[in-house]
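S.K.: Structure incoming, see below.
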Amino acid sequence: MLWVEDLHAGYGTSEVLTGLSIEVKAGSVVALIGANGAGKTTTMRAISGVLRPTRGRVRLDGREVQGMDASRIARLGLAHAPEGRKVFGPLSVEDNLLLGAYTRLPRFFGFRRRAKDDLARVYDLFPRLQDRSRQAAGTLSGGEQQMLAIGRALMARPKIMLLDEPSMGLAPVIVQEVFRTIRRLKESGITLLLVEQFARSALEVADYAYVMERGHIAVEGTPTDLHRDERVLAAYLG
Amino acid sequence: MNLQIIGQMAVSGALMGMVYALIAYGFQLTYATSKSINFGQGELVMVSAFFSLTLLDLGVPFWLMVPGGLVFGALLGLLVERAGVRLALEEKSEGWVLLTIIIGLFFFSAAENIWGRDDRPFPSPFSPDSVQVFGVDITRQEIAVAVGVLAIMGLIEIFKRRTLLGKAFEAVSADRDAAELMGISATRTVMLSYALSGGVAAVAGILVSPITTVGPTMASALILKAFSVAVVAGLDSGFGVVLIGMALGALESLASFYIGSGWREAPGLMLLILALAVRPTGVFGKAGIRKV
């Protein structure tokens with residue numbers, strides 16, 4: 001589904017990604033773990049087009065997308081729930097969700113009716129969002145904003161979802177809830193690339209995992225493989 | 001008697017001030033999506049007014065001239081975006097300030113060459129007699145200004161709140177990158193905002209011209225006041241511009257009547273200086289600081 005080869009990207013003159021290659025197969029959950037500053041978020045941004053890669057190739061569902069605008073890549077079926085949620089604060093929860101389905105909905109009228117089933121699906125997954133559907137997204141708690149960011153990405157019915165640090169800044173109870181949600185999404189057959197600082201939890205849900213170090217992949221394998229790797233065990237799962 | 005004159009002056013000044021408000025509203029539209037404004041917006045008002053006058057000269061009826069002028073203004077807005085603003089924003093530079101001023105100067109020269117330097121009267125479709133409201137005479141054209149300004153601002157606000165495209169517009173204002181991730185093209189949204197802003201400028205020109213006449217110099221007179229209104233009301237305050245605009249219009253009218261016609265421009269300048277002194281971050285700082 002997603003295939004990344006020799007990806008280079010950075011900010012200004014400093015190169016953060018130094019030739020990164022990963023693959024996410026359709027219907028699988030892949031975790032990307034690594035220390036702070038290894039370049040996990042930059043990887044996500046370079047794949048989704050928010051950051052333009054300087055070199056390398058990104059193939060989405062058989063199509064090369066590197067260098068395209070993020071909006072174009074989104075229209076091709078990639079939904080990126082970014083680090084820090086990035087919900088539209090002044091807009092209502094429901095408007096945030098509707099905008100998630102922007103590419104599939106009529107621009108002027110009748111969009112609410114057309115999005116009814118998708119809204120119901122997201123509200124079923126996150127009942128708390130329904131209670132707050134008319135509230136401004138900026139007034140939600142951190143956990144609720146994370147639910148909204150995931151819900152908004154689901155509204156696009158994406159071919160693949162990129163989920164960046166969903167547990168960041170959340171209380172342990174809420175983190176557990178987030179991972180329960182990810183497990184439910186996995187059961188529903190979603191294709192997911194997950195970046196997480198809680199490597200242990202991430203490996204519990206992942207089918208395959210990559211460990212990043214200084215802008216490239218240092219180790220990769222199934223969670224079972226990684227649990228056997230002494231170096232990984234010491235550095236990330238200790 | 002004296003009180004009636006004050007009332008008369010204040011009301012017709014306030015109605016005039018709604019035009020400043022409409023131009024300032026145009027600044028807000030583009031600032032929301034791109035954190036940039038067209039410093040040549042006054043020229044856009046003027047050129048659109050001249051164009052609309054030419055349509056009338058060619059025998060186009062009033063009801064068709066208004067949408068014609070509006071579309072023309074929107075196209076000019078797109079031109080400013082493409083030829084100026086986008087070049088600067090792609091480089092993440094503040095060069096749009098200079099570029100939009102230069103494009104404005106270009107419009108100014110073009111207007112002088114095409115339509116001449118003289119002020120020309122702009123016909124009004126309304127009869128010149130006025131309506132009495134609480135002892136104050138209001139001309140039909142002045143009523144048209146008030147209705148026109150509120151109608152176009154109202155329509156754009158409804159568009160922003162009720163349509164998905166409008167919500168996308170708001171999303172780009174709130175977080176450009178996140179909007180892109182939803183498949184919303186930020187570039188196109190900025191274009192839309194410049195088209196709307198240009199259309200709004202054209203409507204301002206069409207509404208104000210029957211009162212002030214049309215001439216190349218109307219640009220600088222209007223833009224300064226619109227700036228004052230935008231600085232005081234803020235670049236993200238919606239209908240706040242209407243109140244500030246009306247207040248400024250009323251002040252101007254009273255100043256020119258009681259102090260002398262040469263003092264007409266004084267309140268706008270004083271307001272601008274005062275606002276910048278109280279809030280030295282100025283036009284751009286305010287919204288920027290609030291957003292962070």
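Labels used: A, B, ... for chains in the order of the structure tokens, numbers from 1 for residues in each chain, and numbers from 1 for ligands as shown.
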Would you mind listing, as a PyMOL selection string, all residues of chain A that have at least one atom within 6 Å of chain B, where only C-alpha atoms are what counts?
M.R.: chain A and resi 70-71+74-75+88+100+103+107-108
S.K.: Can you tell me which residues surround region 46-58 of chain A at a distance of at most 9 Å, considering only C-alpha atoms, apart from same-chain residues fewer than 5 positions away, and format the answer as a ChimeraX atom specification?
M.R.: /A:2-11,17,19-21,41,63-74,78-80,162 /B:177-178,180-181
S.K.: For region 57-66 of chain B, list every protein, DNA or RNA residue within 10 Å, evaluated using only C-alpha atoms, and leave out those in the same chain fewer than 6 positions away; present the list as JSON, numbers by chain.
M.R.: {"B": [49, 51, 72, 123, 124, 125, 202, 203, 206, 207]}
S.K.: Report the residues of region 125-230 of chain A whose backbone DSSP state falls under strand (DSSP E or B), written as a ChimeraX atom specification.
M.R.: /A:136,160-164,192-195,208-213,216-221
S.K.: Selected residues, N, CA and C atoms, written as an mmCIF file, in the first residue's frame, please.
M.R.:
```
data_model
loop_
_atom_site.group_PDB
_atom_site.id
_atom_site.type_symbol
_atom_site.label_atom_id
_atom_site.label_comp_id
_atom_site.auth_asym_id
_atom_site.auth_seq_id
_atom_site.Cartn_x
_atom_site.Cartn_y
_atom_site.Cartn_z
ATOM 1 N N ALA A 136 -16.795 24.021 20.195
ATOM 2 C CA ALA A 136 -15.579 24.356 19.443
ATOM 3 C C ALA A 136 -14.494 23.345 19.788
ATOM 4 N N ILE A 160 -4.851 4.433 3.625
ATOM 5 C CA ILE A 160 -3.871 4.239 4.695
ATOM 6 C C ILE A 160 -3.920 5.437 5.633
ATOM 7 N N MET A 161 -3.765 5.157 6.923
ATOM 8 C CA MET A 161 -3.749 6.247 7.903
ATOM 9 C C MET A 161 -2.369 6.351 8.535
ATOM 10 N N LEU A 162 -1.884 7.595 8.674
ATOM 11 C CA LEU A 162 -0.643 7.858 9.402
ATOM 12 C C LEU A 162 -1.040 8.467 10.737
ATOM 13 N N LEU A 163 -0.625 7.831 11.807
ATOM 14 C CA LEU A 163 -1.030 8.307 13.128
ATOM 15 C C LEU A 163 0.235 8.624 13.918
ATOM 16 N N ASP A 164 0.425 9.922 14.220
ATOM 17 C CA ASP A 164 1.685 10.368 14.810
ATOM 18 C C ASP A 164 1.526 10.686 16.291
ATOM 19 N N LEU A 192 -2.360 0.953 8.722
ATOM 20 C CA LEU A 192 -1.947 2.023 9.625
ATOM 21 C C LEU A 192 -0.433 2.078 9.795
ATOM 22 N N LEU A 193 0.090 3.287 9.689
ATOM 23 C CA LEU A 193 1.480 3.518 10.068
ATOM 24 C C LEU A 193 1.448 4.344 11.348
ATOM 25 N N LEU A 194 2.003 3.768 12.412
ATOM 26 C CA LEU A 194 1.878 4.366 13.738
ATOM 27 C C LEU A 194 3.243 4.782 14.279
ATOM 28 N N VAL A 195 3.344 6.055 14.664
ATOM 29 C CA VAL A 195 4.546 6.518 15.345
ATOM 30 C C VAL A 195 4.216 6.627 16.825
ATOM 31 N N TYR A 208 4.275 -5.360 12.278
ATOM 32 C CA TYR A 208 5.663 -5.221 11.857
ATOM 33 C C TYR A 208 6.149 -3.894 12.419
ATOM 34 N N ALA A 209 7.461 -3.780 12.655
ATOM 35 C CA ALA A 209 7.953 -2.539 13.249
ATOM 36 C C ALA A 209 9.322 -2.150 12.704
ATOM 37 N N TYR A 210 9.528 -0.856 12.653
ATOM 38 C CA TYR A 210 10.819 -0.298 12.270
ATOM 39 C C TYR A 210 11.366 0.513 13.439
ATOM 40 N N VAL A 211 12.667 0.402 13.690
ATOM 41 C CA VAL A 211 13.303 1.217 14.721
ATOM 42 C C VAL A 211 14.177 2.248 14.019
ATOM 43 N N MET A 212 13.921 3.521 14.314
ATOM 44 C CA MET A 212 14.654 4.600 13.652
ATOM 45 C C MET A 212 15.800 5.092 14.504
ATOM 46 N N GLU A 213 16.917 5.401 13.843
ATOM 47 C CA GLU A 213 18.039 6.047 14.523
ATOM 48 C C GLU A 213 18.634 7.081 13.587
ATOM 49 N N HIS A 216 17.415 7.224 9.779
ATOM 50 C CA HIS A 216 17.223 6.047 8.923
ATOM 51 C C HIS A 216 16.792 4.859 9.782
ATOM 52 N N ILE A 217 16.454 3.764 9.118
ATOM 53 C CA ILE A 217 16.006 2.584 9.848
ATOM 54 C C ILE A 217 17.219 1.789 10.322
ATOM 55 N N ALA A 218 17.273 1.535 11.650
ATOM 56 C CA ALA A 218 18.407 0.795 12.202
ATOM 57 C C ALA A 218 18.085 -0.690 12.273
ATOM 58 N N VAL A 219 16.870 -0.995 12.714
ATOM 59 C CA VAL A 219 16.457 -2.390 12.881
ATOM 60 C C VAL A 219 15.020 -2.504 12.403
ATOM 61 N N GLU A 220 14.657 -3.645 11.854
ATOM 62 C CA GLU A 220 13.251 -3.869 11.537
ATOM 63 C C GLU A 220 12.898 -5.315 11.764
ATOM 64 N N GLY A 221 11.616 -5.581 11.881
ATOM 65 C CA GLY A 221 11.190 -6.967 12.072
ATOM 66 C C GLY A 221 9.821 -7.044 12.696
#
```
S.K.: Quick one: residues within 7 Å of region 247-251 of chain B, only C-alpha atoms counted, chain neighbours fewer than 5 positions away excluded, as a list in words?
M.R.: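 Listed by chain and then number, they are Met9, Ala10, Val11, Gly13, Ala14, Met16, Gly17, Pro267 and Gly268 of chain B.
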S.K.: What does the file look like for those residues with N, CA and C atoms, as a PDB file, in the first residue's frame?
M.R.:
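What landed in result-v4.pdb:
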```pdb
ATOM      1  N   MET B   9     -25.191  65.256   9.792  1.00  0.00           N
ATOM      2  CA  MET B   9     -23.787  65.055   9.427  1.00  0.00           C
ATOM      3  C   MET B   9     -23.310  63.666   9.862  1.00  0.00           C
ATOM      4  N   ALA B  10     -23.645  63.321  11.107  1.00  0.00           N
ATOM      5  CA  ALA B  10     -23.176  62.045  11.649  1.00  0.00           C
ATOM      6  C   ALA B  10     -23.740  60.879  10.846  1.00  0.00           C
ATOM      7  N   VAL B  11     -25.011  60.955  10.487  1.00  0.00           N
ATOM      8  CA  VAL B  11     -25.636  59.826   9.800  1.00  0.00           C
ATOM      9  C   VAL B  11     -25.081  59.657   8.394  1.00  0.00           C
ATOM     10  N   GLY B  13     -22.276  60.702   7.312  1.00  0.00           N
ATOM     11  CA  GLY B  13     -20.881  60.292   7.457  1.00  0.00           C
ATOM     12  C   GLY B  13     -20.775  58.812   7.790  1.00  0.00           C
ATOM     13  N   ALA B  14     -21.628  58.352   8.689  1.00  0.00           N
ATOM     14  CA  ALA B  14     -21.587  56.948   9.108  1.00  0.00           C
ATOM     15  C   ALA B  14     -21.892  56.023   7.932  1.00  0.00           C
ATOM     16  N   MET B  16     -21.313  56.651   4.816  1.00  0.00           N
ATOM     17  CA  MET B  16     -20.101  56.681   4.007  1.00  0.00           C
ATOM     18  C   MET B  16     -19.049  55.746   4.638  1.00  0.00           C
ATOM     19  N   GLY B  17     -18.981  55.767   5.964  1.00  0.00           N
ATOM     20  CA  GLY B  17     -18.015  54.946   6.686  1.00  0.00           C
ATOM     21  C   GLY B  17     -18.219  53.453   6.455  1.00  0.00           C
ATOM     22  N   PRO B 267      -9.470  62.862  11.173  1.00  0.00           N
ATOM     23  CA  PRO B 267      -9.838  61.802  12.117  1.00  0.00           C
ATOM     24  C   PRO B 267      -9.259  60.446  11.749  1.00  0.00           C
ATOM     25  N   GLY B 268      -9.242  60.129  10.453  1.00  0.00           N
ATOM     26  CA  GLY B 268      -8.704  58.836  10.023  1.00  0.00           C
ATOM     27  C   GLY B 268      -7.246  58.701  10.387  1.00  0.00           C
TER      28      GLY B 268
END
```
S.K.: Can you work out the spacing between CA of Gly205 (chain B) and CA of Leu53 (chain B) in Å, to one decimal?
M.R.: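 Taking CA of Gly205 (chain B) and CA of Leu53 (chain B), their separation equals 10.2 Å.
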S.K.: Might you pull out every residue within 10 Å of Tyr236 (chain A), with only C-alpha atoms counted and same-chain residues fewer than 5 positions away left off, and present them as a ChimeraX atom specification?
M.R.: /A:33-35,197-200,211,226-227,231
S.K.: Just write the chosen residues, N, CA and C atoms, as a compact mmCIF listing (two decimals), in the first residue's frame.
M.R.:
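Result file follows (part.txt):
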```txt
# COMPACT_ATOMS: atom_id res chain seq x y z
N ILE A 33 9.23 3.23 15.64
CA ILE A 33 9.63 3.68 16.97
C ILE A 33 11.06 4.19 16.92
N GLY A 34 11.46 4.83 18.00
CA GLY A 34 12.81 5.38 18.04
C GLY A 34 12.88 6.51 19.04
N ALA A 35 14.11 6.93 19.34
CA ALA A 35 14.30 7.97 20.36
C ALA A 35 13.79 9.31 19.85
N GLN A 197 5.93 6.93 21.03
CA GLN A 197 7.04 6.93 21.97
C GLN A 197 6.90 5.76 22.95
N PHE A 198 5.65 5.32 23.19
CA PHE A 198 5.44 4.13 24.02
C PHE A 198 5.67 2.90 23.15
N ALA A 199 6.95 2.55 22.99
CA ALA A 199 7.30 1.50 22.05
C ALA A 199 6.63 0.18 22.41
N ARG A 200 6.56 -0.09 23.71
CA ARG A 200 6.00 -1.37 24.16
C ARG A 200 4.54 -1.52 23.71
N VAL A 211 12.67 0.40 13.69
CA VAL A 211 13.30 1.22 14.72
C VAL A 211 14.18 2.25 14.02
N LEU A 226 11.84 -8.22 17.37
CA LEU A 226 12.42 -7.08 18.10
C LEU A 226 12.56 -7.40 19.58
N HIS A 227 11.62 -8.14 20.10
CA HIS A 227 11.71 -8.50 21.52
C HIS A 227 12.90 -9.41 21.79
N ARG A 231 19.75 -5.38 21.73
CA ARG A 231 20.04 -3.95 21.66
C ARG A 231 18.74 -3.13 21.69
```
S.K.: Please measure the separation of CA of Phe169 (chain B) and CA of Thr189 (chain B), giving the value in Å to one decimal.
M.R.: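 Taking CA of Phe169 (chain B) and CA of Thr189 (chain B), their separation equals 6.1 Å.
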S.K.: Ala201 (chain B): which residues within 6 Å, counting only C-alpha atoms, same-chain residues fewer than 3 positions away excluded, as a ChimeraX atom specification?
M.R.: /B:23,45,198,204
S.K.: Please save C-alpha atoms of the selected residues as a compact mmCIF listing (two decimals), in the first residue's frame.
M.R.:
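In the end it all went to again-v9.txt:
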```txt
# COMPACT_ATOMS: atom_id res chain seq x y z
CA ILE B 23 -12.86 47.66 2.04
CA VAL B 45 -11.77 49.81 -5.94
CA GLY B 198 -11.52 41.86 -5.13
CA ALA B 204 -17.45 49.22 -2.54
```
S.K.: Based on DSSP run over this structure's backbone, return all residues of region 3-215 of chain A in alpha helix (DSSP H), as a ChimeraX atom specification.
M.R.: /A:40-48,70-75,93-100,111-114,116-125,127-131,142-154,172-187,199-205
S.K.: Kindly indicate which residue among B:Val149, B:Met218, B:Ala74, B:Val231 lies nearest to Arg120 (chain B), using only C-alpha atoms for the distances.
M.R.: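 Using only C-alpha atoms, Arg120 (chain B) sits closest to B:Met218.
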